[in-house]
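Have a look at my_file32.cif; it's mmCIF, C-alpha atoms:
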data_upload
#
loop_
_atom_site.label_atom_id
_atom_site.label_comp_id
_atom_site.auth_asym_id
_atom_site.auth_seq_id
_atom_site.Cartn_x
_atom_site.Cartn_y
_atom_site.Cartn_z
CA MET A 1 -29.49 -0.04 12.13
CA HIS A 2 -31.97 2.15 10.31
CA GLU A 3 -32.11 4.60 13.22
CA ALA A 4 -28.52 5.67 12.43
CA LEU A 5 -29.59 6.41 8.85
CA PHE A 6 -32.66 8.38 9.96
CA LYS A 7 -30.46 10.41 12.32
CA TYR A 8 -28.07 11.04 9.42
CA PHE A 9 -30.93 12.27 7.21
CA LYS A 10 -31.74 14.97 9.79
CA LYS A 11 -28.52 16.72 8.72
CA PHE A 12 -30.14 17.36 5.34
CA ASN A 13 -33.72 18.10 6.29
CA SER A 14 -35.19 19.61 9.45
CA GLU A 15 -38.64 18.18 8.72
CA PRO A 16 -39.26 14.73 10.19
CA LEU A 17 -39.73 11.85 7.79
CA LYS A 18 -43.29 10.76 7.17
CA GLU A 19 -44.23 7.26 8.26
CA GLU A 20 -44.59 6.18 4.62
CA GLU A 21 -41.11 7.56 3.80
CA GLU A 22 -39.58 5.70 6.73
CA MET A 23 -41.21 2.48 5.56
CA LEU A 24 -39.89 2.94 2.01
CA ILE A 25 -36.40 3.68 3.29
CA ARG A 26 -36.43 0.63 5.58
CA GLN A 27 -37.41 -1.52 2.60
CA ALA A 28 -34.72 -0.02 0.34
CA PHE A 29 -31.78 -0.13 2.76
CA ILE A 30 -30.86 -3.70 3.69
CA PRO A 31 -28.76 -4.42 6.83
CA PHE A 32 -25.48 -6.17 6.06
CA LYS A 33 -22.34 -7.05 7.99
CA LEU A 34 -18.77 -7.69 6.94
CA LYS A 35 -15.98 -9.09 9.07
CA LYS A 36 -12.58 -7.45 8.94
CA LYS A 37 -10.91 -8.04 5.54
CA GLN A 38 -14.12 -9.23 3.84
CA TYR A 39 -14.95 -7.55 0.55
CA LEU A 40 -17.95 -5.43 -0.31
CA LEU A 41 -16.58 -5.16 -3.86
CA GLN A 42 -13.66 -6.62 -5.78
CA ALA A 43 -12.03 -5.15 -8.87
CA GLY A 44 -13.65 -6.55 -12.01
CA ASP A 45 -17.09 -6.84 -10.40
CA HIS A 46 -20.01 -4.48 -10.95
CA CYS A 47 -20.82 -2.28 -7.94
CA ARG A 48 -24.43 -3.27 -7.29
CA HIS A 49 -24.76 -1.63 -3.87
CA PHE A 50 -23.75 1.52 -2.09
CA ALA A 51 -23.17 1.14 1.63
CA PHE A 52 -24.03 3.52 4.44
CA VAL A 53 -21.58 2.67 7.22
CA VAL A 54 -23.38 2.31 10.55
CA LYS A 55 -20.44 0.93 12.52
CA GLY A 56 -16.90 0.10 11.50
CA ALA A 57 -14.30 1.23 8.99
CA MET A 58 -13.78 0.50 5.29
CA ARG A 59 -11.32 1.33 2.55
CA GLN A 60 -11.49 1.60 -1.23
CA TYR A 61 -8.31 1.00 -3.19
CA SER A 62 -6.73 -0.15 -6.41
CA VAL A 63 -3.89 -2.65 -6.69
CA ASP A 64 -1.01 -2.08 -9.13
CA GLU A 65 0.92 -4.72 -11.13
CA LYS A 66 3.41 -5.17 -8.27
CA GLY A 67 0.65 -5.74 -5.71
CA GLY A 68 0.90 -2.28 -4.17
CA GLU A 69 -2.33 -0.88 -2.75
CA HIS A 70 -3.36 2.70 -3.56
CA MET A 71 -6.05 4.10 -1.26
CA VAL A 72 -8.77 6.06 -2.99
CA ARG A 73 -11.20 6.45 -0.14
CA LEU A 74 -11.55 5.70 3.55
CA GLY A 75 -14.84 5.52 5.39
CA VAL A 76 -16.19 5.22 8.92
CA GLU A 77 -19.55 5.71 10.58
CA ASP A 78 -22.00 7.96 8.68
CA TRP A 79 -19.96 7.72 5.47
CA TRP A 80 -20.94 6.15 2.16
CA MET A 81 -18.83 3.51 0.43
CA GLY A 82 -19.10 2.26 -3.11
CA ASP A 83 -17.63 2.75 -6.56
CA ARG A 84 -19.87 5.44 -7.98
CA GLU A 85 -18.66 5.08 -11.56
CA SER A 86 -19.41 1.36 -11.63
CA TRP A 87 -22.70 1.87 -9.77
CA VAL A 88 -23.93 4.45 -12.28
CA THR A 89 -22.56 2.99 -15.52
CA GLY A 90 -22.85 -0.72 -14.78
CA LYS A 91 -19.23 -1.24 -15.85
CA ALA A 92 -16.73 -3.35 -13.96
CA SER A 93 -15.06 -1.64 -11.03
CA ALA A 94 -11.35 -0.90 -10.92
CA TYR A 95 -11.45 -0.95 -7.11
CA HIS A 96 -11.60 -3.22 -4.13
CA ILE A 97 -13.68 -2.17 -1.13
CA ASP A 98 -13.19 -4.11 2.07
CA ALA A 99 -13.85 -3.85 5.76
CA TRP A 100 -10.86 -2.64 7.77
CA GLU A 101 -12.80 -3.38 10.96
CA ASN A 102 -15.87 -5.53 11.52
CA THR A 103 -18.47 -3.35 9.84
CA GLU A 104 -22.24 -2.99 9.97
CA MET A 105 -23.86 -1.19 7.06
CA LEU A 106 -27.04 -0.57 5.16
CA LEU A 107 -26.91 -1.50 1.47
CA VAL A 108 -28.97 0.15 -1.25
CA THR A 109 -29.21 -0.52 -4.98
CA LYS A 110 -29.35 2.13 -7.68
CA ALA A 111 -32.87 1.01 -8.60
CA SER A 112 -33.96 1.52 -4.98
CA ILE A 113 -32.41 5.00 -4.87
CA ASP A 114 -34.12 5.91 -8.15
CA HIS A 115 -37.43 4.70 -6.70
CA LEU A 116 -36.89 6.69 -3.48
CA LEU A 117 -36.08 9.83 -5.51
CA ASN A 118 -39.62 9.65 -6.90
CA LYS A 119 -41.25 8.94 -3.53
CA THR A 120 -39.35 11.09 -1.00
CA THR A 121 -37.71 14.50 -0.95
CA ILE A 122 -34.99 13.68 1.57
CA ILE A 123 -32.98 11.48 -0.82
CA ALA A 124 -32.76 14.22 -3.45
CA LYS A 125 -31.75 16.82 -0.86
CA MET A 126 -29.13 14.51 0.60
CA MET A 127 -27.68 13.51 -2.78
CA LEU A 128 -27.42 17.11 -3.92
CA GLN A 129 -25.54 18.14 -0.79
CA LEU A 130 -23.35 15.05 -0.87
CA ASP A 131 -22.48 15.71 -4.52
CA GLU A 132 -21.51 19.29 -3.66
CA ARG A 133 -19.37 18.19 -0.71
CA ASN A 134 -17.80 15.38 -2.71
CA ASN A 135 -16.88 17.73 -5.56
CA ILE A 136 -15.27 20.16 -3.12
CA ALA A 137 -13.34 17.36 -1.38
CA ASN A 138 -12.17 15.90 -4.70
CA GLN A 139 -11.04 19.31 -5.93
CA ARG A 140 -9.07 19.89 -2.72
CA ARG A 141 -7.54 16.43 -2.89
CA LEU A 142 -6.52 16.90 -6.53
CA THR A 143 -4.95 20.29 -5.77
CA SER A 144 -3.12 18.78 -2.81
CA ALA A 145 -1.85 15.84 -4.88
CA ILE A 146 -0.56 18.19 -7.57
CA SER A 147 1.07 20.90 -5.52
CA ALA A 148 1.21 20.29 -1.76
CA THR A 149 4.22 19.17 0.22
CA ALA A 150 4.00 15.99 2.27
CA VAL A 151 3.73 18.10 5.43
CA LYS A 152 0.85 20.12 3.99
CA LYS A 153 -0.94 16.97 2.78
CA TYR A 154 -0.73 15.39 6.21
CA THR A 155 -1.64 18.49 8.25
CA ASP A 156 -4.64 19.20 6.01
CA PHE A 157 -5.76 15.58 6.27
CA ALA A 158 -5.31 15.57 10.05
CA ALA A 159 -7.29 18.79 10.38
CA CYS A 160 -10.17 17.55 8.21
CA TYR A 161 -10.29 13.92 9.30
CA PRO A 162 -8.81 13.45 12.79
CA ASN A 163 -11.04 10.41 13.33
CA LEU A 164 -9.47 8.61 10.36
CA ILE A 165 -5.97 8.99 11.79
CA GLU A 166 -7.17 7.15 14.89
CA ARG A 167 -8.81 4.34 12.93
CA PHE A 168 -6.36 3.53 10.14
CA PRO A 169 -2.67 2.60 10.37
CA GLN A 170 0.08 4.81 9.06
CA HIS A 171 0.69 2.82 5.83
CA ILE A 172 -2.95 3.28 4.77
CA ILE A 173 -2.93 7.00 5.57
CA ALA A 174 0.34 7.37 3.64
CA SER A 175 -1.13 5.57 0.63
CA TYR A 176 -4.23 7.77 0.74
CA LEU A 177 -2.01 10.87 0.77
CA GLY A 178 0.14 9.57 -2.08
CA ILE A 179 3.33 9.43 -0.03
CA THR A 180 5.42 6.58 1.35
CA LYS A 181 5.12 5.27 4.88
CA ASP A 182 8.70 6.45 5.55
CA THR A 183 7.87 9.95 4.35
CA LEU A 184 4.84 10.04 6.63
CA SER A 185 6.99 8.93 9.58
CA ARG A 186 9.45 11.71 8.80
CA VAL A 187 6.62 14.27 8.51
CA LYS A 188 5.16 13.23 11.86
CA ARG A 189 8.60 13.50 13.52
CA GLN A 190 9.05 17.00 12.03
CA LEU A 191 5.67 18.09 13.34
CA LEU A 192 6.44 16.76 16.84
CA GLN A 193 9.68 18.80 16.92
CA ARG A 194 7.88 22.07 16.24
#
What does this structure look like when you write it as structure tokens?
Amino acid sequence: MHEALFKYFKKFNSEPLKEEEEMLIRQAFIPFKLKKKQYLLQAGDHCRHFAFVVKGAMRQYSVDEKGGEHMVRLGVEDWWMGDRESWVTGKASAYHIDAWENTEMLLVTKASIDHLLNKTTIIAKMMLQLDERNNIANQRRLTSAISATAVKKYTDFAACYPNLIERFPQHIIASYLGITKDTLSRVKRQLLQR
């Protein structure tokens, strides 16, 4: 499983990892598997691990008083899953994170990441770039939620994340976009008629 992570790191650094760095990373990132519908995190728990998805699909969501699920994040191979606020602050999470498909991942603790930051350069480079990308994505998503039409939300999502449309059902995509399943069906019909 670690080979997928090492391949992922190459996106952030052209220099190969040193043998000592590889060893430290292998020790810090623990292989873990979830079956479909098993939880990585449940609301009310502290997020002790972040997961690098090697194979499978996951979702992060909150549940309202009526039992409705509200998707916050979706993740597939080469994506990270975890509640960052809970991970950093140690407070209870407001989110559930579960496996939508049978999922293989590598788990890492905050203490392990902090240790790696002092021992390797690749983790710092990766985290900086991921933070930048995450801020951009969050800003776009917020702008879309505030001002975009349902058609614009869906077409932007489909353009950015075509692989997610193939992996998650319509009701999950609709929830992620902040629209109803019926609205998404109507949008898709409109787009097919163009």
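Running the PyMOL selection byres ((chain A and resi 90) around 12) on this file leaves Gly44, Asp45, His46, Cys47, Arg48, His49, Asp83, Arg84, Glu85, Ser86, Trp87, Val88, Thr89, Lys91, Ala92, Ser93, Thr109, Lys110 and Ala111 of chain A selected.
On the file presented, the PyMOL selection byres ((chain A and resi 175-187) around 8) picks out Glu69, His70, Met71, Val72, Arg73, Ala145, Ala150, Val151, Lys153, Tyr154, Gln170, His171, Ile172, Ile173, Ala174, Lys188, Arg189, Gln190 and Leu191 of chain A.
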Using only C-alpha atoms, can you tell me which of A:Arg167, A:Lys125, A:Arg194, A:Arg140 comes closest to Glu15 in chain A?
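Using only C-alpha atoms, Glu15 in chain A sits closest to A:Lys125.
The result of the PyMOL selection byres ((chain A and resi 13) around 10) on the shown file is Tyr8, Phe9, Lys10, Lys11, Phe12, Ser14, Glu15, Pro16, Leu17, Thr121, Ile122, Ile123, Lys125 and Met126 of chain A.
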Which of these residues is nearest to Ile113 in chain A, using all atoms listed in the file: A:Leu128, A:Ala28, A:Met58, A:Leu5?
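The closest residue to Ile113 in chain A is A:Ala28.
Distances to Tyr39 in chain A were evaluated for A:Tyr161, A:Trp100, A:Trp80, A:Phe52 using all atoms listed in the file, and the minimum falls at A:Trp100.
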Of A:Leu164, A:Ile25, A:Ala124, A:Ala159, the one nearest to Trp79 in chain A when counting only C-alpha atoms is A:Leu164
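Atom pair CA of Gly68 in chain A / CA of Tyr95 in chain A: separated by 12.8 Å.
Closest approach to Asp114 in chain A among A:Glu3, A:Pro31, A:Met127, A:Val54: A:Met127, based on only C-alpha atoms.
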One decimal, in Å: what's the spacing between CA of Met1 in chain A and CA of Lys119 in chain A?
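Between these atoms lies a distance of 21.5 Å.
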Which residue, A:Met105, A:Ala94, A:Leu116, A:Leu192, has the smallest gap to Glu22 in chain A when you use all atoms listed in the file?
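Residue with the minimum atom-to-atom distance to Glu22 in chain A: A:Leu116.
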Rounded to one decimal place, report the CA of Asn102 in chain A-CA of Gly56 in chain A distance in Å.
5.7 Å
Do a neighbour search on Lys55 in chain A at 6 Å with only C-alpha atoms, toss out local chain neighbours closer than 2 positions, and write the hits as number ranges by chain.
A: 53, 77, 103-104
Met81 in chain A surroundings by all atoms listed in the file, 7 Å radius, close-in-sequence under 3 positions cut, as a PyMOL selection string:
chain A and resi 50-52+75
Can range 27-38 of chain A be brought up to all heavy atoms and written out as a PDB file, in the coordinates of the input?
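Heads up, here's the output in rebuild_4.pdb:
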ATOM      1  N   GLN A  27     -37.345  -0.473   3.616  1.00  0.00           N
ATOM      2  CA  GLN A  27     -37.410  -1.520   2.600  1.00  0.00           C
ATOM      3  C   GLN A  27     -36.230  -1.431   1.627  1.00  0.00           C
ATOM      4  O   GLN A  27     -35.722  -2.452   1.164  1.00  0.00           O
ATOM      5  CB  GLN A  27     -38.721  -1.428   1.812  1.00  0.00           C
ATOM      6  CG  GLN A  27     -39.939  -1.805   2.613  1.00  0.00           C
ATOM      7  CD  GLN A  27     -41.238  -1.485   1.886  1.00  0.00           C
ATOM      8  OE1 GLN A  27     -41.246  -0.815   0.851  1.00  0.00           O
ATOM      9  NE2 GLN A  27     -42.346  -1.973   2.432  1.00  0.00           N
ATOM     10  N   ALA A  28     -35.783  -0.219   1.328  1.00  0.00           N
ATOM     11  CA  ALA A  28     -34.720  -0.020   0.340  1.00  0.00           C
ATOM     12  C   ALA A  28     -33.328  -0.298   0.886  1.00  0.00           C
ATOM     13  O   ALA A  28     -32.453  -0.787   0.158  1.00  0.00           O
ATOM     14  CB  ALA A  28     -34.783   1.410  -0.202  1.00  0.00           C
ATOM     15  N   PHE A  29     -33.101   0.016   2.151  1.00  0.00           N
ATOM     16  CA  PHE A  29     -31.780  -0.130   2.760  1.00  0.00           C
ATOM     17  C   PHE A  29     -31.736  -1.422   3.578  1.00  0.00           C
ATOM     18  O   PHE A  29     -32.397  -1.541   4.604  1.00  0.00           O
ATOM     19  CB  PHE A  29     -31.464   1.078   3.655  1.00  0.00           C
ATOM     20  CG  PHE A  29     -31.112   2.312   2.884  1.00  0.00           C
ATOM     21  CD1 PHE A  29     -32.105   3.154   2.406  1.00  0.00           C
ATOM     22  CD2 PHE A  29     -29.787   2.648   2.641  1.00  0.00           C
ATOM     23  CE1 PHE A  29     -31.789   4.303   1.693  1.00  0.00           C
ATOM     24  CE2 PHE A  29     -29.457   3.795   1.930  1.00  0.00           C
ATOM     25  CZ  PHE A  29     -30.461   4.613   1.454  1.00  0.00           C
ATOM     26  N   ILE A  30     -30.923  -2.353   3.112  1.00  0.00           N
ATOM     27  CA  ILE A  30     -30.860  -3.700   3.690  1.00  0.00           C
ATOM     28  C   ILE A  30     -29.654  -3.810   4.635  1.00  0.00           C
ATOM     29  O   ILE A  30     -28.514  -3.537   4.232  1.00  0.00           O
ATOM     30  CB  ILE A  30     -30.708  -4.758   2.563  1.00  0.00           C
ATOM     31  CG1 ILE A  30     -31.784  -4.578   1.496  1.00  0.00           C
ATOM     32  CG2 ILE A  30     -30.698  -6.166   3.139  1.00  0.00           C
ATOM     33  CD1 ILE A  30     -33.194  -4.649   1.990  1.00  0.00           C
ATOM     34  N   PRO A  31     -29.878  -4.227   5.894  1.00  0.00           N
ATOM     35  CA  PRO A  31     -28.760  -4.420   6.830  1.00  0.00           C
ATOM     36  C   PRO A  31     -27.806  -5.503   6.328  1.00  0.00           C
ATOM     37  O   PRO A  31     -28.228  -6.531   5.778  1.00  0.00           O
ATOM     38  CB  PRO A  31     -29.453  -4.862   8.123  1.00  0.00           C
ATOM     39  CG  PRO A  31     -30.857  -4.366   8.006  1.00  0.00           C
ATOM     40  CD  PRO A  31     -31.182  -4.451   6.542  1.00  0.00           C
ATOM     41  N   PHE A  32     -26.518  -5.254   6.522  1.00  0.00           N
ATOM     42  CA  PHE A  32     -25.480  -6.170   6.060  1.00  0.00           C
ATOM     43  C   PHE A  32     -24.268  -6.010   6.954  1.00  0.00           C
ATOM     44  O   PHE A  32     -23.988  -4.919   7.447  1.00  0.00           O
ATOM     45  CB  PHE A  32     -25.124  -5.832   4.602  1.00  0.00           C
ATOM     46  CG  PHE A  32     -24.273  -6.858   3.920  1.00  0.00           C
ATOM     47  CD1 PHE A  32     -24.810  -8.073   3.520  1.00  0.00           C
ATOM     48  CD2 PHE A  32     -22.936  -6.603   3.667  1.00  0.00           C
ATOM     49  CE1 PHE A  32     -24.023  -9.019   2.870  1.00  0.00           C
ATOM     50  CE2 PHE A  32     -22.147  -7.538   3.021  1.00  0.00           C
ATOM     51  CZ  PHE A  32     -22.699  -8.757   2.620  1.00  0.00           C
ATOM     52  N   LYS A  33     -23.547  -7.096   7.168  1.00  0.00           N
ATOM     53  CA  LYS A  33     -22.340  -7.050   7.990  1.00  0.00           C
ATOM     54  C   LYS A  33     -21.173  -7.688   7.249  1.00  0.00           C
ATOM     55  O   LYS A  33     -21.357  -8.661   6.507  1.00  0.00           O
ATOM     56  CB  LYS A  33     -22.550  -7.813   9.311  1.00  0.00           C
ATOM     57  CG  LYS A  33     -23.577  -7.180  10.223  1.00  0.00           C
ATOM     58  CD  LYS A  33     -23.732  -7.974  11.501  1.00  0.00           C
ATOM     59  CE  LYS A  33     -24.804  -7.335  12.392  1.00  0.00           C
ATOM     60  NZ  LYS A  33     -24.941  -8.069  13.660  1.00  0.00           N
ATOM     61  N   LEU A  34     -20.011  -7.114   7.453  1.00  0.00           N
ATOM     62  CA  LEU A  34     -18.770  -7.690   6.940  1.00  0.00           C
ATOM     63  C   LEU A  34     -17.806  -7.842   8.111  1.00  0.00           C
ATOM     64  O   LEU A  34     -17.727  -6.949   8.967  1.00  0.00           O
ATOM     65  CB  LEU A  34     -18.110  -6.770   5.913  1.00  0.00           C
ATOM     66  CG  LEU A  34     -18.741  -6.644   4.540  1.00  0.00           C
ATOM     67  CD1 LEU A  34     -17.994  -5.613   3.712  1.00  0.00           C
ATOM     68  CD2 LEU A  34     -18.778  -7.975   3.819  1.00  0.00           C
ATOM     69  N   LYS A  35     -17.061  -8.940   8.112  1.00  0.00           N
ATOM     70  CA  LYS A  35     -15.980  -9.090   9.070  1.00  0.00           C
ATOM     71  C   LYS A  35     -14.748  -8.403   8.499  1.00  0.00           C
ATOM     72  O   LYS A  35     -14.640  -8.203   7.287  1.00  0.00           O
ATOM     73  CB  LYS A  35     -15.692 -10.568   9.331  1.00  0.00           C
ATOM     74  CG  LYS A  35     -16.815 -11.251  10.069  1.00  0.00           C
ATOM     75  CD  LYS A  35     -16.476 -12.693  10.345  1.00  0.00           C
ATOM     76  CE  LYS A  35     -17.648 -13.318  11.091  1.00  0.00           C
ATOM     77  NZ  LYS A  35     -17.442 -14.737  11.319  1.00  0.00           N
ATOM     78  N   LYS A  36     -13.826  -8.085   9.378  1.00  0.00           N
ATOM     79  CA  LYS A  36     -12.580  -7.450   8.940  1.00  0.00           C
ATOM     80  C   LYS A  36     -11.970  -8.242   7.789  1.00  0.00           C
ATOM     81  O   LYS A  36     -11.914  -9.469   7.827  1.00  0.00           O
ATOM     82  CB  LYS A  36     -11.601  -7.372  10.112  1.00  0.00           C
ATOM     83  CG  LYS A  36     -10.305  -6.668   9.767  1.00  0.00           C
ATOM     84  CD  LYS A  36      -9.394  -6.532  10.960  1.00  0.00           C
ATOM     85  CE  LYS A  36      -8.129  -5.802  10.531  1.00  0.00           C
ATOM     86  NZ  LYS A  36      -7.279  -5.455  11.652  1.00  0.00           N
ATOM     87  N   LYS A  37     -11.562  -7.526   6.747  1.00  0.00           N
ATOM     88  CA  LYS A  37     -10.910  -8.040   5.540  1.00  0.00           C
ATOM     89  C   LYS A  37     -11.873  -8.683   4.537  1.00  0.00           C
ATOM     90  O   LYS A  37     -11.440  -9.130   3.482  1.00  0.00           O
ATOM     91  CB  LYS A  37      -9.759  -8.987   5.871  1.00  0.00           C
ATOM     92  CG  LYS A  37      -8.620  -8.304   6.614  1.00  0.00           C
ATOM     93  CD  LYS A  37      -7.432  -9.187   6.764  1.00  0.00           C
ATOM     94  CE  LYS A  37      -6.346  -8.436   7.521  1.00  0.00           C
ATOM     95  NZ  LYS A  37      -5.122  -9.194   7.641  1.00  0.00           N
ATOM     96  N   GLN A  38     -13.167  -8.744   4.835  1.00  0.00           N
ATOM     97  CA  GLN A  38     -14.120  -9.230   3.840  1.00  0.00           C
ATOM     98  C   GLN A  38     -14.428  -8.117   2.856  1.00  0.00           C
ATOM     99  O   GLN A  38     -14.436  -6.942   3.205  1.00  0.00           O
ATOM    100  CB  GLN A  38     -15.423  -9.690   4.507  1.00  0.00           C
ATOM    101  CG  GLN A  38     -15.342 -11.044   5.162  1.00  0.00           C
ATOM    102  CD  GLN A  38     -16.705 -11.497   5.654  1.00  0.00           C
ATOM    103  OE1 GLN A  38     -17.449 -10.744   6.268  1.00  0.00           O
ATOM    104  NE2 GLN A  38     -17.022 -12.758   5.385  1.00  0.00           N
TER     105      GLN A  38
END
